[in-house]
Amino acid sequence: MTATLPLRAELRGLEPYGAPQLDVPVLLNVNENPYPPSEAVVADVATAVALAARGLNRYPDREALGLRAELADYLARESGVRVAPEQVWAANGSNEVMLHLLQAFGGPGRTALSFAPTYSMYPEYARDTATRWVAGRRAEDFSLDLDQVRELVAREQPSVVLLASPNNPTGTALPPAAVEAVLEATAQVAEGCVVVVDEAYAEFRREGTPSALALLAEHPRLAVSRTMSKAFGLAGARVGYLAASRELVDALRVVRLPYHLSAVTQAVARAALRHADALMAQVGSLRSSRDETVTWLRSKGLTTAESDANFVLFGTFDDRHVIWQGLLDRGVLIRETGPEGWLRVSIGTPAEMTAFQDALVEVAGL
């Protein structure tokens, strides 16, 4: 009970964020990588953690420059964009990266702006940092309406703009021209504005879809966030990071807690990065399965959003909860999220996707 506690007024009556955690055979609701680390990765991680454990009486490397240098090397290989280690920031999941950004650039009297539907944690980062939250709307195809972007930026004068690309829950990727249009609009904000492109699912983007990392050199107020939870299959390790100008990264160093990234976390992340090529091989199969899932759903008369992520938003249903519950009753858990009438399914193993399809045919009468 919190009724007798001096809780902040805006937190009273709220429930903690989180998707349902249910024990069912097929879990396709939180966009995890369905493939566990290989034995080679497990062995490397175990060795790295054992080495780190010998020094656990000491605080970890506060700056994590070794990890940040290896993340910079990975980004260069993955995107073709080279940044210095000092331009990379790492934290406990991209959630903490986003919180650092709002701690540094949000706060009382400041505004964060995004465009719904989008990641449901964004307004919570704003709330937790006492930042005013404003959400515009995306177009019918879930792209950005750039005229609305310009209008909202001019009217609201935000300190931070949050753009997910690929977007969650829709899977929609932003073309570079759209990101540049947002950057141009925010350049007119009187107090200055940071634009954050959240690329948590970037590795799953389709061939020819560029990363916003390519825009960093020309835009010192741009930050591009990534995670090791999805493509690397390290959701349990909690490692997120971003690339930005050195000035922007230095601002995040001011608000981070001392020794925020444990020695064990750094060791796990660096071990996984040594296996990046093998881990990325799984990404290709997940991309293919995503595209096959889109094709199958459309063949059944359903609508799907264009997806560059490891999930598909599909619909629409008069009562989506009935469909969600029917799938759950058959041992398949997906996510009831997004605009009314839509559901989201994460891409799982071939057996899991077959189970999903069989259950959906039965429940929806396809």
# chains A, B, ... in the order shown; residues from 1 in each chain; ligands from 1
call {"tool": "residues_around", "arguments": {"residues": "Arg54 in chain A", "least_positions_apart": "6", "cutoff": "12 Å", "atoms": "only C-alpha atoms", "output": "list of chain:residue names"}}
result
A:Thr47, A:Ala48, A:Pro60, A:Ala263, A:Val264
call {"tool": "residues_around", "arguments": {"residues": "range 266-270 of chain A", "least_positions_apart": "4", "cutoff": "10 Å", "atoms": "only C-alpha atoms", "output": "ChimeraX atom specification"}}
result
/A:41-42,44-53,60-61,64-71,90-92,228,232,234,237-240,261-262,274-276
call {"tool": "residues_around", "arguments": {"residues": "range 184-195 of chain A", "least_positions_apart": "5", "cutoff": "8 Å", "atoms": "only C-alpha atoms", "output": "ChimeraX atom specification"}}
result
/A:105,149-150,153-154,157-163,221-223
call {"tool": "select_by_dssp", "arguments": {"residues": "range 70-239 of chain A", "states": "strand (DSSP E)", "output": "PyMOL selection string"}}
result
chain A and resi 88-91+111-116+132-137+160-164+194-198+222-227
call {"tool": "closest_residue", "arguments": {"among": "A:Pro85, A:Pro169, A:Gly106, A:Gly315", "to": "Val255 in chain A", "atoms": "only C-alpha atoms"}}
result
A:Gly106
call {"tool": "closest_residue", "arguments": {"among": "A:His100, A:Arg298, A:Arg127, A:Arg205", "to": "Asn310 in chain A", "atoms": "only C-alpha atoms"}}
result
A:Arg205
call {"tool": "closest_residue", "arguments": {"among": "A:Thr304, A:Gln87, A:Thr295, A:Thr170", "to": "Pro220 in chain A", "atoms": "only C-alpha atoms"}}
result
A:Gln87
call {"tool": "atom_distance", "arguments": {"atom1": "CA of Ala135 in chain A", "atom2": "CA of Pro117 in chain A"}}
result
8.8 Å
call {"tool": "atom_distance", "arguments": {"atom1": "CA of Ala272 in chain A", "atom2": "CA of Ala200 in chain A"}}
result
16.8 Å
call {"tool": "atom_distance", "arguments": {"atom1": "CA of Phe314 in chain A", "atom2": "CA of Ser143 in chain A"}}
result
15.9 Å
call {"tool": "closest_residue", "arguments": {"among": "A:Glu78, A:Met121, A:Phe115, A:Ala212", "to": "Pro16 in chain A", "atoms": "only C-alpha atoms"}}
result
A:Met121
call {"tool": "residues_around", "arguments": {"residues": "range 122-125 of chain A", "least_positions_apart": "2", "cutoff": "12 Å", "atoms": "only C-alpha atoms", "output": "ChimeraX atom specification"}}
result
/A:10-11,14-18,94-107,111-120,127-135,160-164,168,196,198
call {"tool": "residues_around", "arguments": {"residues": "Phe311 in chain A", "least_positions_apart": "2", "cutoff": "6 Å", "atoms": "only C-alpha atoms", "output": "ChimeraX atom specification"}}
result
/A:309,345-347
call {"tool": "select_by_dssp", "arguments": {"residues": "range 116-328 of chain A", "states": "alpha helix (DSSP H)", "output": "PyMOL selection string"}}
result
chain A and resi 122-128+146-156+176-186+246-255+263-273+276-299+320-328
call {"tool": "closest_residue", "arguments": {"among": "A:Val312, A:Met353, A:Val182, A:Ala244", "to": "Glu151 in chain A", "atoms": "only C-alpha atoms"}}
result
A:Val182
call {"tool": "residues_around", "arguments": {"residues": "Ala177 in chain A", "least_positions_apart": "6", "cutoff": "12 Å", "atoms": "only C-alpha atoms", "output": "count of residues only"}}
result
11
call {"tool": "closest_residue", "arguments": {"among": "A:Leu257, A:Ala178, A:Ala251, A:Leu297", "to": "Arg62 in chain A", "atoms": "only C-alpha atoms"}}
result
A:Leu257
